[in-house]
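Colleague: Structure file work.txt (compact mmCIF, C-alpha atoms) is given on the next line.
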# COMPACT_ATOMS: atom_id res chain seq x y z
CA MET A 1 -46.47 5.32 -41.76
CA THR A 2 -44.20 8.36 -41.90
CA CYS A 3 -46.05 10.02 -39.02
CA LYS A 4 -45.61 6.85 -36.97
CA HIS A 5 -41.87 6.73 -37.74
CA SER A 6 -41.48 10.40 -36.86
CA LEU A 7 -43.20 9.83 -33.51
CA MET A 8 -40.96 6.82 -32.87
CA ARG A 9 -37.85 8.90 -33.58
CA THR A 10 -39.05 11.60 -31.19
CA TYR A 11 -39.58 9.05 -28.40
CA THR A 12 -36.19 7.48 -29.07
CA PHE A 13 -34.48 10.87 -28.96
CA ALA A 14 -36.26 11.76 -25.71
CA LEU A 15 -35.22 8.45 -24.14
CA ILE A 16 -31.58 8.93 -25.17
CA MET A 17 -31.57 12.46 -23.69
CA LEU A 18 -33.08 11.18 -20.44
CA ILE A 19 -30.40 8.49 -20.11
CA PHE A 20 -27.65 10.99 -20.97
CA THR A 21 -28.91 13.48 -18.37
CA ALA A 22 -29.09 10.81 -15.66
CA ALA A 23 -25.57 9.61 -16.47
CA CYS A 24 -24.18 13.16 -16.30
CA ASN A 25 -25.88 13.74 -12.94
CA GLU A 26 -24.30 10.54 -11.55
CA LYS A 27 -20.86 11.78 -12.65
CA GLU A 28 -21.45 15.13 -10.93
CA VAL A 29 -22.43 13.35 -7.71
CA ALA A 30 -19.34 11.12 -7.94
CA ARG A 31 -17.11 14.20 -8.39
CA GLY A 32 -18.64 15.85 -5.32
CA LYS A 33 -20.24 18.64 -7.33
CA ASN A 34 -23.76 17.95 -6.09
CA THR A 35 -24.27 20.56 -3.36
CA GLU A 36 -27.16 18.62 -1.79
CA LEU A 37 -24.81 15.93 -0.47
CA LEU A 38 -23.68 15.99 3.14
CA PRO A 39 -19.97 16.13 3.91
CA ALA A 40 -18.44 12.70 4.43
CA SER A 41 -17.05 13.83 7.79
CA LEU A 42 -20.57 13.61 9.25
CA VAL A 43 -20.86 9.92 8.48
CA GLN A 44 -18.55 7.96 10.72
CA ASN A 45 -19.05 4.28 11.40
CA PRO A 46 -16.39 2.98 13.77
CA SER A 47 -17.95 -0.49 13.91
CA THR A 48 -15.42 -3.12 12.96
CA ALA A 49 -14.79 -6.76 13.76
CA GLY A 50 -12.53 -5.58 16.60
CA GLU A 51 -13.16 -3.19 19.43
CA THR A 52 -13.58 0.53 18.86
CA SER A 53 -11.29 2.69 20.92
CA PRO A 54 -12.83 4.77 23.71
CA GLU A 55 -11.27 7.89 22.15
CA ILE A 56 -13.27 7.39 18.95
CA LEU A 57 -16.49 6.57 20.83
CA GLU A 58 -16.05 9.74 22.90
CA GLN A 59 -16.14 11.87 19.75
CA MET A 60 -19.30 10.28 18.27
CA PRO A 61 -22.78 11.82 18.29
CA VAL A 62 -25.11 10.36 20.93
CA ILE A 63 -28.91 10.32 20.64
CA ILE A 64 -30.85 10.30 23.92
CA PHE A 65 -34.65 9.95 23.75
CA THR A 66 -36.88 11.38 26.49
CA ASP A 67 -39.01 8.24 26.12
CA THR A 68 -38.84 5.26 23.79
CA VAL A 69 -42.33 3.82 24.37
CA HIS A 70 -45.64 5.63 24.02
CA ASN A 71 -49.00 4.05 24.81
CA PHE A 72 -51.94 5.79 23.14
CA GLY A 73 -54.35 3.79 25.33
CA ASN A 74 -57.80 3.20 23.84
CA VAL A 75 -58.14 4.33 20.23
CA TYR A 76 -61.27 3.87 18.13
CA GLU A 77 -60.84 1.93 14.89
CA GLY A 78 -60.27 4.40 12.05
CA GLU A 79 -58.65 7.11 14.19
CA GLU A 80 -55.21 8.56 13.42
CA VAL A 81 -53.08 9.44 16.41
CA MET A 82 -49.63 11.01 16.62
CA HIS A 83 -46.82 11.18 19.15
CA GLY A 84 -43.57 13.12 19.08
CA PHE A 85 -40.54 11.32 20.50
CA THR A 86 -38.16 14.07 21.62
CA PHE A 87 -34.42 13.52 21.69
CA THR A 88 -31.14 15.36 22.23
CA ASN A 89 -27.72 15.00 20.64
CA THR A 90 -25.55 14.72 23.75
CA GLY A 91 -22.44 13.74 21.78
CA LYS A 92 -19.55 15.80 20.47
CA LYS A 93 -20.25 15.56 16.72
CA PRO A 94 -23.30 16.44 14.59
CA LEU A 95 -26.07 13.81 14.69
CA LEU A 96 -27.41 12.59 11.37
CA ILE A 97 -30.58 10.53 11.01
CA SER A 98 -30.21 8.82 7.67
CA GLY A 99 -33.59 7.09 7.66
CA VAL A 100 -36.41 5.42 9.56
CA THR A 101 -38.21 2.14 9.03
CA THR A 102 -41.61 1.29 10.49
CA SER A 103 -42.84 -2.21 11.28
CA CYS A 104 -46.18 -1.64 9.53
CA GLY A 105 -47.64 0.44 6.72
CA CYS A 106 -50.12 1.83 9.26
CA THR A 107 -47.27 3.72 10.94
CA VAL A 108 -45.52 6.72 9.40
CA ALA A 109 -42.54 8.57 10.86
CA ASP A 110 -41.19 12.05 10.10
CA TYR A 111 -37.72 13.01 11.30
CA PRO A 112 -35.29 15.95 11.09
CA GLN A 113 -33.46 15.90 7.76
CA GLU A 114 -30.62 18.25 8.69
CA PRO A 115 -27.61 17.34 10.87
CA MET A 116 -28.17 18.26 14.52
CA LEU A 117 -25.32 19.93 16.37
CA PRO A 118 -24.26 18.76 19.83
CA GLY A 119 -26.80 19.94 22.42
CA GLU A 120 -29.63 20.37 19.91
CA ASP A 121 -33.05 18.82 20.45
CA GLY A 122 -35.22 17.20 17.83
CA THR A 123 -38.52 15.37 17.44
CA LEU A 124 -39.36 12.14 15.67
CA LYS A 125 -43.07 12.40 14.80
CA VAL A 126 -44.86 9.05 14.58
CA LYS A 127 -48.39 8.80 13.18
CA PHE A 128 -50.44 5.61 13.68
CA LYS A 129 -53.50 4.87 11.51
CA SER A 130 -55.83 2.37 13.19
CA THR A 131 -58.05 1.69 10.16
CA GLY A 132 -58.83 -2.02 9.79
CA GLN A 133 -57.29 -3.01 13.12
CA THR A 134 -58.77 -4.15 16.42
CA GLY A 135 -57.38 -5.20 19.77
CA TYR A 136 -53.92 -4.62 21.17
CA GLU A 137 -51.34 -3.30 18.69
CA GLU A 138 -47.64 -2.59 19.18
CA LYS A 139 -45.52 -1.08 16.41
CA SER A 140 -41.84 -0.24 16.23
CA VAL A 141 -39.87 2.48 14.47
CA SER A 142 -36.21 1.84 13.65
CA ILE A 143 -34.04 4.96 13.41
CA GLN A 144 -30.75 4.77 11.45
CA THR A 145 -28.14 7.22 12.75
CA ASN A 146 -24.43 7.96 12.66
CA THR A 147 -24.07 7.11 16.37
CA ALA A 148 -21.80 4.31 17.58
CA ARG A 149 -24.88 2.15 18.13
CA GLY A 150 -26.22 2.94 14.66
CA THR A 151 -29.85 1.83 14.96
CA HIS A 152 -32.26 2.90 17.70
CA LEU A 153 -35.84 1.75 18.33
CA VAL A 154 -38.96 3.45 19.65
CA TYR A 155 -42.36 1.82 20.15
CA ILE A 156 -46.00 2.82 20.07
CA LYS A 157 -48.87 0.84 21.60
CA ALA A 158 -52.62 1.12 21.40
CA ASN A 159 -55.79 -0.79 22.23
CA ILE A 160 -58.01 -0.48 19.14
CA ILE A 161 -61.72 -0.48 19.94
CA SER A 162 -64.16 -1.47 17.19
CA ARG A 163 -66.81 1.13 16.33
CA GLN A 164 -69.53 -1.55 15.88
Would you put the structure from the file into structure tokens?
Modeller:
Amino acid sequence: MTCKHSLMRTYTFALIMLIFTAACNEKEVARGKNTELLPASLVQNPSTAGETSPEILEQMPVIIFTDTVHNFGNVYEGEEVMHGFTFTNTGKKPLLISGVTTSCGCTVADYPQEPMLPGEDGTLKVKFKSTGQTGYEEKSVSIQTNTARGTHLVYIKANIISRQ
């Protein structure tokens, strides 16, 4: 029994240390001491119940995509295909993509993690896995940004052909 109690004490101590470490890290983040955080000046959301002044909108980042729809055409079931949606920050402030959401688990998107300065180009890489699908498919990718619009959409399409 003493070995069992000793093991239990060790686990309890380890759990307490883990909780303490997590709590300390949260305090450091709250104090602004975590160097991985982006400056708050990059995140501006002028959306309110009222109108946003043209002066504020003029200063916002703007994301312009070369194309927002890509059709892969015929794709055999089981194939993985990829397309890069290119875009430019044509605004006056750094562009920040805070996240992407896909409409299906068969679609994966990779996006630039760093703020993009005005005039810089970037690519949103979208991979589509056709395993288990047949016929016409259309998927969307929702891009969350710090632009005045906030959320932008791009689409991929494909005609999945069965290998039977």
Colleague: With only C-alpha atoms as the basis for distance, which of A:Thr107, A:Asn89, A:Thr151, A:Asn159 is at the shortest distance from A:Lys129?
Modeller: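 Checking each candidate against A:Lys129, we get A:Thr107 as the closest.
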Colleague: Can you pull out the residues contacting A:Val126? Cut-off 7 Å, using only C-alpha atoms, and skip same-chain residues under 2 positions away; I want them as a ChimeraX atom specification.
Modeller: /A:82-84,107-110,124,128
Colleague: Quick one: residues within 8 Å of A:Leu117, all atoms listed in the file counted, chain neighbours fewer than 6 positions away excluded, as an mmCIF file with C-alpha atoms, keeping the file's coordinate frame?
Modeller:
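For reference, selection-v5.cif as written:
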data_model
loop_
_atom_site.group_PDB
_atom_site.id
_atom_site.type_symbol
_atom_site.label_atom_id
_atom_site.label_comp_id
_atom_site.auth_asym_id
_atom_site.auth_seq_id
_atom_site.Cartn_x
_atom_site.Cartn_y
_atom_site.Cartn_z
ATOM 1 C CA ASN A 89 -27.720 15.000 20.640
ATOM 2 C CA LYS A 93 -20.250 15.560 16.720
ATOM 3 C CA PRO A 94 -23.300 16.440 14.590
ATOM 4 C CA LEU A 95 -26.070 13.810 14.690
#
Colleague: Atom CA of A:Gln133 and atom CA of A:Asp67, how far apart in Å?
Modeller: 25.1 Å
Colleague: Could you tell me which of A:Ile97, A:Ile64, A:Cys106, A:Val69 comes closest to A:Lys127 if we count only C-alpha atoms?
Modeller: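 That would be A:Cys106, the residue with the smallest distance to A:Lys127.
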Colleague: Smallest atom-to-atom distance to A:Thr86: which of A:Ser130, A:Ala158, A:Ile63, A:Arg149, using all atoms listed in the file?
Modeller: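 Closest to A:Thr86 of all the choices is A:Ile63.
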Colleague: Compile the contact shell of A:His70 as a VMD selection string: residues with an atom at most 9 Å away, counting only C-alpha atoms, same-chain residues fewer than 4 positions apart removed.
Modeller: chain A and resid 83 85 154 to 158
Colleague: I'd like to know which of A:Glu80, A:Gly132, A:Val62, A:Val100 is closest to A:Met116, using all atoms listed in the file.
Modeller: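 Of A:Glu80, A:Gly132, A:Val62, A:Val100, the one nearest A:Met116, counting all atoms listed in the file, is A:Val62.
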